$ cat entry.tsv   # TSV, C-alpha atoms and all ligand atoms
chain	number	residue	atom	x	y	z
A	1	MET	CA	-86.50	18.63	-49.48
A	2	ILE	CA	-84.60	18.06	-46.21
A	3	ARG	CA	-87.52	16.18	-44.67
A	4	GLU	CA	-87.91	14.02	-47.76
A	5	ASN	CA	-84.18	13.25	-47.85
A	6	ILE	CA	-84.18	12.20	-44.20
A	7	THR	CA	-87.16	9.94	-44.84
A	8	ASN	CA	-85.34	8.36	-47.78
A	9	VAL	CA	-82.07	7.84	-45.90
A	10	LYS	CA	-83.94	6.25	-43.01
A	11	ALA	CA	-85.80	3.95	-45.41
A	12	ASP	CA	-82.45	2.92	-46.91
A	13	ILE	CA	-81.14	2.14	-43.44
A	14	VAL	CA	-84.18	-0.01	-42.69
A	15	ALA	CA	-83.74	-1.85	-46.01
A	16	ALA	CA	-80.02	-2.42	-45.38
A	17	CYS	CA	-80.83	-3.77	-41.90
A	18	GLU	CA	-83.33	-6.18	-43.42
A	19	MET	CA	-80.71	-7.37	-45.89
A	20	ALA	CA	-78.31	-8.04	-43.04
A	21	GLY	CA	-80.84	-9.44	-40.58
A	22	ARG	CA	-80.30	-6.55	-38.19
A	23	ASP	CA	-82.78	-4.60	-36.11
A	24	ALA	CA	-83.06	-1.05	-37.48
A	25	SER	CA	-83.17	0.34	-33.94
A	26	GLU	CA	-79.45	-0.51	-33.68
A	27	VAL	CA	-78.58	2.18	-36.24
A	28	THR	CA	-78.67	5.92	-35.57
A	29	LEU	CA	-78.50	8.46	-38.36
A	30	ILE	CA	-76.20	11.39	-37.62
A	31	THR	CA	-77.19	14.45	-39.62
A	32	VAL	CA	-73.88	15.99	-40.70
A	33	SER	CA	-74.53	19.72	-40.77
A	34	LYS	CA	-71.08	21.28	-41.26
A	35	THR	CA	-71.14	24.48	-43.37
A	36	LYS	CA	-74.95	24.54	-43.27
A	37	PRO	CA	-76.87	27.45	-41.69
A	38	VAL	CA	-78.84	26.89	-38.48
A	39	GLU	CA	-82.13	27.34	-40.36
A	40	MET	CA	-81.40	24.15	-42.25
A	41	LEU	CA	-80.45	22.32	-39.07
A	42	GLN	CA	-83.73	23.44	-37.53
A	43	GLU	CA	-85.54	22.00	-40.55
A	44	ALA	CA	-83.79	18.69	-40.03
A	45	TYR	CA	-84.63	18.83	-36.33
A	46	ASP	CA	-88.29	19.45	-37.15
A	47	ALA	CA	-88.15	16.40	-39.43
A	48	GLY	CA	-86.94	14.30	-36.50
A	49	SER	CA	-83.14	14.59	-36.43
A	50	ARG	CA	-81.71	14.67	-32.91
A	51	ASP	CA	-78.10	13.66	-33.62
A	52	PHE	CA	-76.01	16.24	-35.47
A	53	GLY	CA	-72.38	15.98	-36.58
A	54	GLU	CA	-69.98	18.89	-36.94
A	55	ASN	CA	-66.26	18.91	-37.68
A	56	LYS	CA	-65.12	22.34	-36.45
A	57	VAL	CA	-65.04	23.54	-32.86
A	58	GLN	CA	-65.92	27.16	-33.64
A	59	GLU	CA	-68.88	26.16	-35.79
A	60	LEU	CA	-70.15	23.87	-33.03
A	61	LEU	CA	-69.87	26.65	-30.46
A	62	ASP	CA	-71.75	29.03	-32.75
A	63	LYS	CA	-74.57	26.60	-33.48
A	64	ILE	CA	-75.21	24.92	-30.12
A	65	PRO	CA	-76.90	27.92	-28.40
A	66	LYS	CA	-79.08	28.61	-31.45
A	67	LEU	CA	-80.73	25.20	-31.60
A	68	PRO	CA	-82.88	23.04	-29.28
A	69	GLN	CA	-81.19	21.80	-26.13
A	70	ASP	CA	-82.05	18.13	-26.65
A	71	ILE	CA	-79.77	17.78	-29.67
A	72	ARG	CA	-76.90	15.30	-29.28
A	73	TRP	CA	-73.84	16.95	-30.81
A	74	HIS	CA	-71.20	14.69	-32.34
A	75	MET	CA	-67.68	15.97	-32.93
A	76	ILE	CA	-66.64	14.07	-36.06
A	77	GLY	CA	-63.70	16.14	-37.29
A	78	HIS	CA	-60.03	16.29	-36.39
A	79	LEU	CA	-59.72	17.85	-32.94
A	80	GLN	CA	-56.79	19.98	-31.87
A	81	ARG	CA	-55.68	19.65	-28.28
A	82	ASN	CA	-55.89	23.38	-27.58
A	83	LYS	CA	-59.62	23.35	-28.51
A	84	VAL	CA	-60.64	20.40	-26.34
A	85	LYS	CA	-61.52	22.63	-23.39
A	86	TYR	CA	-64.25	24.40	-25.36
A	87	ILE	CA	-66.28	21.30	-26.17
A	88	VAL	CA	-65.75	18.50	-23.64
A	89	ASP	CA	-68.84	19.46	-21.67
A	90	LYS	CA	-70.95	20.24	-24.74
A	91	VAL	CA	-70.71	17.23	-27.02
A	92	TYR	CA	-72.37	13.85	-26.68
A	93	LEU	CA	-69.61	11.87	-28.39
A	94	ILE	CA	-66.18	12.64	-29.85
A	95	HIS	CA	-65.64	10.34	-32.84
A	96	SER	CA	-62.13	11.42	-33.80
A	97	VAL	CA	-59.67	10.46	-31.07
A	98	ASP	CA	-56.53	9.08	-32.66
A	99	SER	CA	-53.71	9.71	-30.20
A	100	LEU	CA	-52.88	9.27	-26.54
A	101	ARG	CA	-51.92	12.94	-26.31
A	102	LEU	CA	-55.36	14.05	-27.46
A	103	ALA	CA	-57.08	11.60	-25.09
A	104	GLU	CA	-54.92	12.86	-22.20
A	105	GLU	CA	-56.05	16.40	-22.91
A	106	ILE	CA	-59.70	15.30	-23.01
A	107	SER	CA	-59.19	13.47	-19.72
A	108	LYS	CA	-57.58	16.50	-18.09
A	109	GLU	CA	-60.44	18.79	-19.12
A	110	ALA	CA	-63.07	16.19	-18.20
A	111	VAL	CA	-61.67	15.94	-14.68
A	112	LYS	CA	-61.42	19.72	-14.39
A	113	LYS	CA	-65.03	20.23	-15.51
A	114	GLN	CA	-66.25	17.12	-13.66
A	115	VAL	CA	-67.83	15.52	-16.70
A	116	GLU	CA	-67.53	12.05	-18.21
A	117	VAL	CA	-66.61	12.15	-21.89
A	118	ASN	CA	-67.49	9.40	-24.34
A	119	ILE	CA	-65.15	8.89	-27.26
A	120	LEU	CA	-64.51	6.68	-30.27
A	121	ILE	CA	-61.11	5.74	-31.61
A	122	GLU	CA	-60.67	6.86	-35.22
A	123	VAL	CA	-58.97	4.19	-37.31
A	124	ASN	CA	-57.48	4.88	-40.73
A	125	VAL	CA	-58.31	1.41	-41.99
A	126	ALA	CA	-57.44	2.17	-45.61
A	127	LEU	CA	-54.13	3.82	-44.61
A	128	GLU	CA	-54.89	6.90	-46.68
A	129	GLU	CA	-52.15	9.49	-46.27
A	130	SER	CA	-54.63	12.37	-46.29
A	131	LYS	CA	-56.61	11.03	-43.35
A	132	PHE	CA	-56.22	11.12	-39.60
A	133	GLY	CA	-56.65	8.06	-37.44
A	134	THR	CA	-54.55	5.40	-35.83
A	135	THR	CA	-53.61	2.27	-37.74
A	136	THR	CA	-55.32	-1.05	-37.24
A	137	GLU	CA	-52.05	-2.40	-35.80
A	138	GLU	CA	-51.67	0.40	-33.27
A	139	ALA	CA	-55.31	0.55	-32.25
A	140	VAL	CA	-55.19	-2.05	-29.48
A	141	ALA	CA	-52.26	-0.46	-27.67
A	142	LEU	CA	-53.90	2.95	-27.99
A	143	VAL	CA	-57.18	1.65	-26.57
A	144	GLU	CA	-55.35	0.05	-23.65
A	145	ALA	CA	-53.48	3.25	-22.84
A	146	ILE	CA	-56.55	5.48	-23.09
A	147	SER	CA	-58.65	3.06	-21.01
A	148	ARG	CA	-56.61	3.99	-17.92
A	149	LEU	CA	-57.39	7.71	-18.14
A	150	PRO	CA	-60.00	9.17	-15.77
A	151	GLY	CA	-63.10	10.86	-17.15
A	152	VAL	CA	-62.80	9.29	-20.62
A	153	HIS	CA	-64.74	6.27	-21.86
A	154	ILE	CA	-64.10	4.46	-25.13
A	155	LYS	CA	-67.39	3.34	-26.66
A	156	GLY	CA	-66.19	1.98	-29.99
A	157	LEU	CA	-64.49	2.76	-33.28
A	158	MET	CA	-64.91	5.16	-36.16
A	159	THR	CA	-63.52	5.24	-39.68
A	160	ILE	CA	-63.74	7.47	-42.72
A	161	ALA	CA	-63.64	5.21	-45.76
A	162	PRO	CA	-62.05	6.37	-49.03
A	163	PHE	CA	-64.07	8.33	-51.55
A	164	VAL	CA	-65.04	5.78	-54.18
A	165	GLU	CA	-67.43	5.63	-57.12
A	166	ASP	CA	-68.68	2.18	-56.18
A	167	ALA	CA	-69.57	1.80	-52.49
A	168	GLU	CA	-68.94	-1.94	-52.72
A	169	GLU	CA	-65.23	-1.15	-52.78
A	170	ASN	CA	-65.52	0.05	-49.19
A	171	ARG	CA	-67.21	-3.10	-47.90
A	172	VAL	CA	-63.86	-4.62	-46.96
A	173	ILE	CA	-62.96	-1.45	-45.02
A	174	PHE	CA	-66.13	-1.72	-42.96
A	175	GLN	CA	-65.55	-5.44	-42.42
A	176	LYS	CA	-62.04	-4.72	-41.14
A	177	LEU	CA	-63.24	-2.08	-38.69
A	178	ARG	CA	-65.90	-4.42	-37.40
A	179	GLN	CA	-63.40	-7.26	-37.03
A	180	LEU	CA	-61.06	-4.96	-35.13
A	181	SER	CA	-63.87	-4.02	-32.74
A	182	VAL	CA	-64.62	-7.71	-32.15
A	183	ASP	CA	-60.94	-8.41	-31.47
A	184	ILE	CA	-60.73	-5.53	-28.99
A	185	ALA	CA	-64.00	-6.49	-27.28
A	186	GLU	CA	-62.63	-9.99	-26.69
A	187	LYS	CA	-59.81	-8.53	-24.62
A	188	ASN	CA	-62.34	-7.35	-22.02
A	189	ILE	CA	-60.40	-4.20	-21.22
A	190	ASP	CA	-61.71	-2.29	-18.19
A	191	ASN	CA	-63.55	0.93	-19.06
A	192	VAL	CA	-63.79	-0.02	-22.75
A	193	SER	CA	-66.89	-1.06	-24.63
A	194	MET	CA	-67.05	-1.78	-28.34
A	195	ASN	CA	-70.77	-1.32	-28.93
A	196	VAL	CA	-70.42	1.60	-31.33
A	197	LEU	CA	-69.25	1.47	-34.94
A	198	SER	CA	-69.37	4.88	-36.62
A	199	MET	CA	-68.96	4.23	-40.34
A	200	GLY	CA	-70.66	5.11	-43.61
A	201	MET	CA	-71.34	8.46	-45.29
A	202	THR	CA	-73.63	9.56	-48.13
A	203	GLY	CA	-71.91	7.40	-50.73
A	204	ASP	CA	-71.63	4.20	-48.77
A	205	TYR	CA	-73.88	4.17	-45.69
A	206	ARG	CA	-76.03	1.30	-46.99
A	207	VAL	CA	-73.00	-0.98	-47.27
A	208	ALA	CA	-71.75	0.22	-43.87
A	209	VAL	CA	-75.08	-0.70	-42.26
A	210	GLU	CA	-74.96	-4.14	-43.87
A	211	GLU	CA	-71.52	-4.55	-42.29
A	212	GLY	CA	-72.56	-3.50	-38.79
A	213	ALA	CA	-72.53	0.30	-38.50
A	214	THR	CA	-74.38	1.64	-35.47
A	215	TYR	CA	-73.90	5.28	-36.49
A	216	VAL	CA	-73.93	6.48	-40.08
A	217	ARG	CA	-72.85	10.07	-40.76
A	218	VAL	CA	-74.77	11.61	-43.65
A	219	GLY	CA	-74.46	15.19	-44.85
A	220	THR	CA	-74.80	15.56	-48.61
A	221	GLY	CA	-77.58	12.97	-48.75
A	222	ILE	CA	-79.68	15.17	-46.45
A	223	PHE	CA	-78.69	18.76	-47.21
A	224	GLY	CA	-77.27	18.52	-50.74
A	225	GLU	CA	-73.75	19.49	-51.78
A	226	ARG	CA	-71.68	21.67	-49.46
A	227	ASP	CA	-70.51	25.08	-50.61
A	228	TYR	CA	-67.04	25.88	-49.25
A	229	SER	CA	-66.65	29.10	-51.22
A	230	LYS	CA	-68.18	31.32	-48.51
B	301	LIG	C1	-68.43	15.60	-43.88
B	301	LIG	C2	-68.35	14.32	-43.15
B	301	LIG	C3	-69.34	13.33	-43.31
B	301	LIG	C4	-70.52	13.46	-44.24
B	301	LIG	O1	-70.14	13.33	-45.56
B	301	LIG	P1	-71.22	13.25	-46.75
B	301	LIG	O2	-70.50	12.60	-47.85
B	301	LIG	O3	-71.62	14.65	-47.05
B	301	LIG	O4	-72.36	12.44	-46.25
B	301	LIG	C5	-69.21	12.17	-42.55
B	301	LIG	N1	-68.18	11.98	-41.71
B	301	LIG	C6	-67.23	12.90	-41.54
B	301	LIG	C7	-66.13	12.64	-40.58
B	301	LIG	C8	-67.27	14.10	-42.26
B	301	LIG	O5	-66.30	15.01	-42.08

$ encode --input "entry.tsv" --output "structure tokens"
Amino acid sequence: MIRENITNVKADIVAACEMAGRDASEVTLITVSKTKPVEMLQEAYDAGSRDFGENKVQELLDKIPKLPQDIRWHMIGHLQRNKVKYIVDKVYLIHSVDSLRLAEEISKEAVKKQVEVNILIEVNVALEESKFGTTTEEAVALVEAISRLPGVHIKGLMTIAPFVEDAEENRVIFQKLRQLSVDIAEKNIDNVSMNVLSMGMTGDYRVAVEEGATYVRVGTGIFGERDYSK
């Protein structure tokens, strides 16, 4: 089932790229494996997944040593400053940086551990109260401030779109994130690139790809519904 789901999601991505006149090699599928046991992650790995997304530090730390070393781990959940030190040298990309204070902590730990950490700025485009992320208005100033920190490199933007029945409703959200990344790129800020757009989940990744996503983060569409009761 997992293999078949991955095949289907990838086919959807290819189709969405064709619709938009994009090259499918520009889009990477992140297999979102939070709450799922390592056996299921291994199944996804065997089916070709190399990028995995998790949203909790402890779960990441538990899973990393149990799975192949060539996996690229993506931290996609809200990150507390006191947990930064556990993951800076273990993750490939942190998608959820939304404050200067968090970025300063990442920078401090990066320098201490002598690693270079790649991050995305999380933007709450829809201004949902329940979500983390900086606002579209504050994003530029935040990027400029973070760009001066050693050991940290901004690679692009991330957003979590609202949960909607009809994915078309989120198209405007994805367009706004993409426009923001274009606006920031035009400023040519040192140590900042805007090549990455992390947007789109199970319900809306096709629309996100049509609007320029370079990473889509899919969990339910690969593993089925999550069970939080355990
Ligand atoms: C859980 C999660 C996803 C995956 O959501 P699905 O709807 O299961 O595909 C994507 N992004 C983030 C930040 C998440 O926390």

$ closest_residue --input "entry.tsv" --among "A:Ile6, A:Leu61, A:Leu29, A:Val97" --to "Met201 (chain A)" --atoms "all atoms listed in the file"
A:Leu29

$ closest_residue --input "entry.tsv" --among "A:Val91, A:Leu180, A:Met194, A:Met199" --to "ligand LIG 301 (chain B)" --atoms "only C-alpha atoms and all ligand atoms"
A:Met199

$ axis_aligned_box --input "entry.tsv" --around "region 145-151 of chain A" --padding-each-side "5 Å" --output "JSON"
{"center_x": -58.3, "center_y": 7.0, "center_z": -19.4, "size_x": 19.6, "size_y": 17.8, "size_z": 17.3}

$ residues_near_ligand --input "entry.tsv" --ligand "ligand LIG 301 (chain B)" --cutoff "6 Å" --atoms "all atoms listed in the file" --output "VMD selection string"
chain A and resid 32 55 76 to 77 201 to 202 217 to 221

$ residues_around --input "entry.tsv" --residues "region 162-178 of chain A" --least-positions-apart "4" --cutoff "10 Å" --atoms "only C-alpha atoms" --output "VMD selection string"
chain A and resid 122 to 128 130 to 131 136 156 to 158 182 to 184 194 196 to 213

$ closest_residue --input "entry.tsv" --among "A:Val9, A:Val57, A:Leu120, A:Met1" --to "Glu43 (chain A)" --atoms "all atoms listed in the file"
A:Met1

$ decode --input "entry.tsv" --residues "region 23-51 of chain A" --atoms "N, CA, C and O atoms" --output "PDB file, in the first residue's frame"
ATOM      1  N   ASP A  23       9.416  21.366 -14.905  1.00  0.00           N
ATOM      2  CA  ASP A  23      10.153  20.122 -14.963  1.00  0.00           C
ATOM      3  C   ASP A  23       9.954  19.388 -13.629  1.00  0.00           C
ATOM      4  O   ASP A  23      10.184  19.965 -12.566  1.00  0.00           O
ATOM      5  N   ALA A  24       9.522  18.153 -13.685  1.00  0.00           N
ATOM      6  CA  ALA A  24       9.200  17.413 -12.463  1.00  0.00           C
ATOM      7  C   ALA A  24      10.413  17.231 -11.552  1.00  0.00           C
ATOM      8  O   ALA A  24      10.263  16.997 -10.349  1.00  0.00           O
ATOM      9  N   SER A  25      11.610  17.369 -12.105  1.00  0.00           N
ATOM     10  CA  SER A  25      12.807  17.205 -11.271  1.00  0.00           C
ATOM     11  C   SER A  25      12.972  18.373 -10.296  1.00  0.00           C
ATOM     12  O   SER A  25      13.773  18.308  -9.370  1.00  0.00           O
ATOM     13  N   GLU A  26      12.179  19.443 -10.492  1.00  0.00           N
ATOM     14  CA  GLU A  26      12.255  20.589  -9.567  1.00  0.00           C
ATOM     15  C   GLU A  26      11.511  20.325  -8.265  1.00  0.00           C
ATOM     16  O   GLU A  26      11.616  21.100  -7.320  1.00  0.00           O
ATOM     17  N   VAL A  27      10.707  19.258  -8.227  1.00  0.00           N
ATOM     18  CA  VAL A  27       9.842  19.022  -7.067  1.00  0.00           C
ATOM     19  C   VAL A  27      10.284  17.759  -6.318  1.00  0.00           C
ATOM     20  O   VAL A  27      10.430  16.695  -6.918  1.00  0.00           O
ATOM     21  N   THR A  28      10.491  17.904  -5.019  1.00  0.00           N
ATOM     22  CA  THR A  28      10.862  16.758  -4.192  1.00  0.00           C
ATOM     23  C   THR A  28       9.724  16.436  -3.232  1.00  0.00           C
ATOM     24  O   THR A  28       9.187  17.327  -2.564  1.00  0.00           O
ATOM     25  N   LEU A  29       9.375  15.176  -3.180  1.00  0.00           N
ATOM     26  CA  LEU A  29       8.340  14.706  -2.263  1.00  0.00           C
ATOM     27  C   LEU A  29       8.970  14.413  -0.897  1.00  0.00           C
ATOM     28  O   LEU A  29       9.899  13.606  -0.798  1.00  0.00           O
ATOM     29  N   ILE A  30       8.471  15.092   0.129  1.00  0.00           N
ATOM     30  CA  ILE A  30       8.887  14.765   1.495  1.00  0.00           C
ATOM     31  C   ILE A  30       7.836  13.823   2.089  1.00  0.00           C
ATOM     32  O   ILE A  30       6.646  14.153   2.128  1.00  0.00           O
ATOM     33  N   THR A  31       8.285  12.674   2.518  1.00  0.00           N
ATOM     34  CA  THR A  31       7.408  11.688   3.137  1.00  0.00           C
ATOM     35  C   THR A  31       7.248  12.050   4.611  1.00  0.00           C
ATOM     36  O   THR A  31       8.210  11.977   5.378  1.00  0.00           O
ATOM     37  N   VAL A  32       6.065  12.518   4.983  1.00  0.00           N
ATOM     38  CA  VAL A  32       5.848  12.981   6.362  1.00  0.00           C
ATOM     39  C   VAL A  32       5.451  11.789   7.236  1.00  0.00           C
ATOM     40  O   VAL A  32       4.378  11.214   7.087  1.00  0.00           O
ATOM     41  N   SER A  33       6.363  11.429   8.142  1.00  0.00           N
ATOM     42  CA  SER A  33       6.257  10.148   8.842  1.00  0.00           C
ATOM     43  C   SER A  33       5.953  10.273  10.329  1.00  0.00           C
ATOM     44  O   SER A  33       6.034   9.304  11.076  1.00  0.00           O
ATOM     45  N   LYS A  34       5.567  11.475  10.775  1.00  0.00           N
ATOM     46  CA  LYS A  34       5.251  11.663  12.193  1.00  0.00           C
ATOM     47  C   LYS A  34       4.198  10.669  12.660  1.00  0.00           C
ATOM     48  O   LYS A  34       3.250  10.401  11.908  1.00  0.00           O
ATOM     49  N   THR A  35       4.358  10.169  13.844  1.00  0.00           N
ATOM     50  CA  THR A  35       3.500   9.173  14.524  1.00  0.00           C
ATOM     51  C   THR A  35       3.609   7.767  13.931  1.00  0.00           C
ATOM     52  O   THR A  35       3.073   6.828  14.493  1.00  0.00           O
ATOM     53  N   LYS A  36       4.296   7.613  12.808  1.00  0.00           N
ATOM     54  CA  LYS A  36       4.353   6.292  12.173  1.00  0.00           C
ATOM     55  C   LYS A  36       5.568   5.511  12.666  1.00  0.00           C
ATOM     56  O   LYS A  36       6.636   6.075  12.897  1.00  0.00           O
ATOM     57  N   PRO A  37       5.417   4.185  12.819  1.00  0.00           N
ATOM     58  CA  PRO A  37       6.534   3.360  13.304  1.00  0.00           C
ATOM     59  C   PRO A  37       7.637   3.221  12.255  1.00  0.00           C
ATOM     60  O   PRO A  37       7.368   3.329  11.055  1.00  0.00           O
ATOM     61  N   VAL A  38       8.859   2.961  12.716  1.00  0.00           N
ATOM     62  CA  VAL A  38      10.003   2.907  11.802  1.00  0.00           C
ATOM     63  C   VAL A  38       9.830   1.841  10.717  1.00  0.00           C
ATOM     64  O   VAL A  38      10.367   1.990   9.619  1.00  0.00           O
ATOM     65  N   GLU A  39       9.073   0.787  11.003  1.00  0.00           N
ATOM     66  CA  GLU A  39       8.854  -0.244   9.981  1.00  0.00           C
ATOM     67  C   GLU A  39       8.185   0.370   8.748  1.00  0.00           C
ATOM     68  O   GLU A  39       8.493   0.006   7.611  1.00  0.00           O
ATOM     69  N   MET A  40       7.261   1.283   8.996  1.00  0.00           N
ATOM     70  CA  MET A  40       6.572   1.908   7.865  1.00  0.00           C
ATOM     71  C   MET A  40       7.483   2.886   7.134  1.00  0.00           C
ATOM     72  O   MET A  40       7.413   3.019   5.912  1.00  0.00           O
ATOM     73  N   LEU A  41       8.360   3.536   7.870  1.00  0.00           N
ATOM     74  CA  LEU A  41       9.319   4.430   7.215  1.00  0.00           C
ATOM     75  C   LEU A  41      10.268   3.613   6.340  1.00  0.00           C
ATOM     76  O   LEU A  41      10.602   4.016   5.224  1.00  0.00           O
ATOM     77  N   GLN A  42      10.671   2.453   6.863  1.00  0.00           N
ATOM     78  CA  GLN A  42      11.569   1.588   6.093  1.00  0.00           C
ATOM     79  C   GLN A  42      10.892   1.142   4.798  1.00  0.00           C
ATOM     80  O   GLN A  42      11.524   1.088   3.740  1.00  0.00           O
ATOM     81  N   GLU A  43       9.601   0.874   4.882  1.00  0.00           N
ATOM     82  CA  GLU A  43       8.847   0.491   3.681  1.00  0.00           C
ATOM     83  C   GLU A  43       8.860   1.620   2.654  1.00  0.00           C
ATOM     84  O   GLU A  43       9.020   1.379   1.451  1.00  0.00           O
ATOM     85  N   ALA A  44       8.673   2.831   3.147  1.00  0.00           N
ATOM     86  CA  ALA A  44       8.695   3.990   2.243  1.00  0.00           C
ATOM     87  C   ALA A  44      10.102   4.165   1.654  1.00  0.00           C
ATOM     88  O   ALA A  44      10.260   4.456   0.461  1.00  0.00           O
ATOM     89  N   TYR A  45      11.099   3.960   2.491  1.00  0.00           N
ATOM     90  CA  TYR A  45      12.489   4.046   2.019  1.00  0.00           C
ATOM     91  C   TYR A  45      12.728   3.026   0.907  1.00  0.00           C
ATOM     92  O   TYR A  45      13.290   3.341  -0.145  1.00  0.00           O
ATOM     93  N   ASP A  46      12.267   1.794   1.138  1.00  0.00           N
ATOM     94  CA  ASP A  46      12.461   0.736   0.145  1.00  0.00           C
ATOM     95  C   ASP A  46      11.724   1.051  -1.158  1.00  0.00           C
ATOM     96  O   ASP A  46      12.092   0.559  -2.223  1.00  0.00           O
ATOM     97  N   ALA A  47      10.669   1.863  -1.039  1.00  0.00           N
ATOM     98  CA  ALA A  47       9.927   2.268  -2.241  1.00  0.00           C
ATOM     99  C   ALA A  47      10.534   3.516  -2.881  1.00  0.00           C
ATOM    100  O   ALA A  47       9.982   4.051  -3.838  1.00  0.00           O
ATOM    101  N   GLY A  48      11.638   3.994  -2.320  1.00  0.00           N
ATOM    102  CA  GLY A  48      12.350   5.103  -2.955  1.00  0.00           C
ATOM    103  C   GLY A  48      12.407   6.408  -2.190  1.00  0.00           C
ATOM    104  O   GLY A  48      13.114   7.331  -2.586  1.00  0.00           O
ATOM    105  N   SER A  49      11.675   6.544  -1.092  1.00  0.00           N
ATOM    106  CA  SER A  49      11.706   7.800  -0.332  1.00  0.00           C
ATOM    107  C   SER A  49      13.072   8.017   0.306  1.00  0.00           C
ATOM    108  O   SER A  49      13.619   7.110   0.936  1.00  0.00           O
ATOM    109  N   ARG A  50      13.597   9.224   0.157  1.00  0.00           N
ATOM    110  CA  ARG A  50      14.867   9.565   0.816  1.00  0.00           C
ATOM    111  C   ARG A  50      14.708  10.813   1.680  1.00  0.00           C
ATOM    112  O   ARG A  50      15.560  11.095   2.518  1.00  0.00           O
ATOM    113  N   ASP A  51      13.636  11.556   1.473  1.00  0.00           N
ATOM    114  CA  ASP A  51      13.373  12.758   2.272  1.00  0.00           C
ATOM    115  C   ASP A  51      12.199  12.475   3.195  1.00  0.00           C
ATOM    116  O   ASP A  51      11.105  12.152   2.727  1.00  0.00           O
TER     117      ASP A  51
END
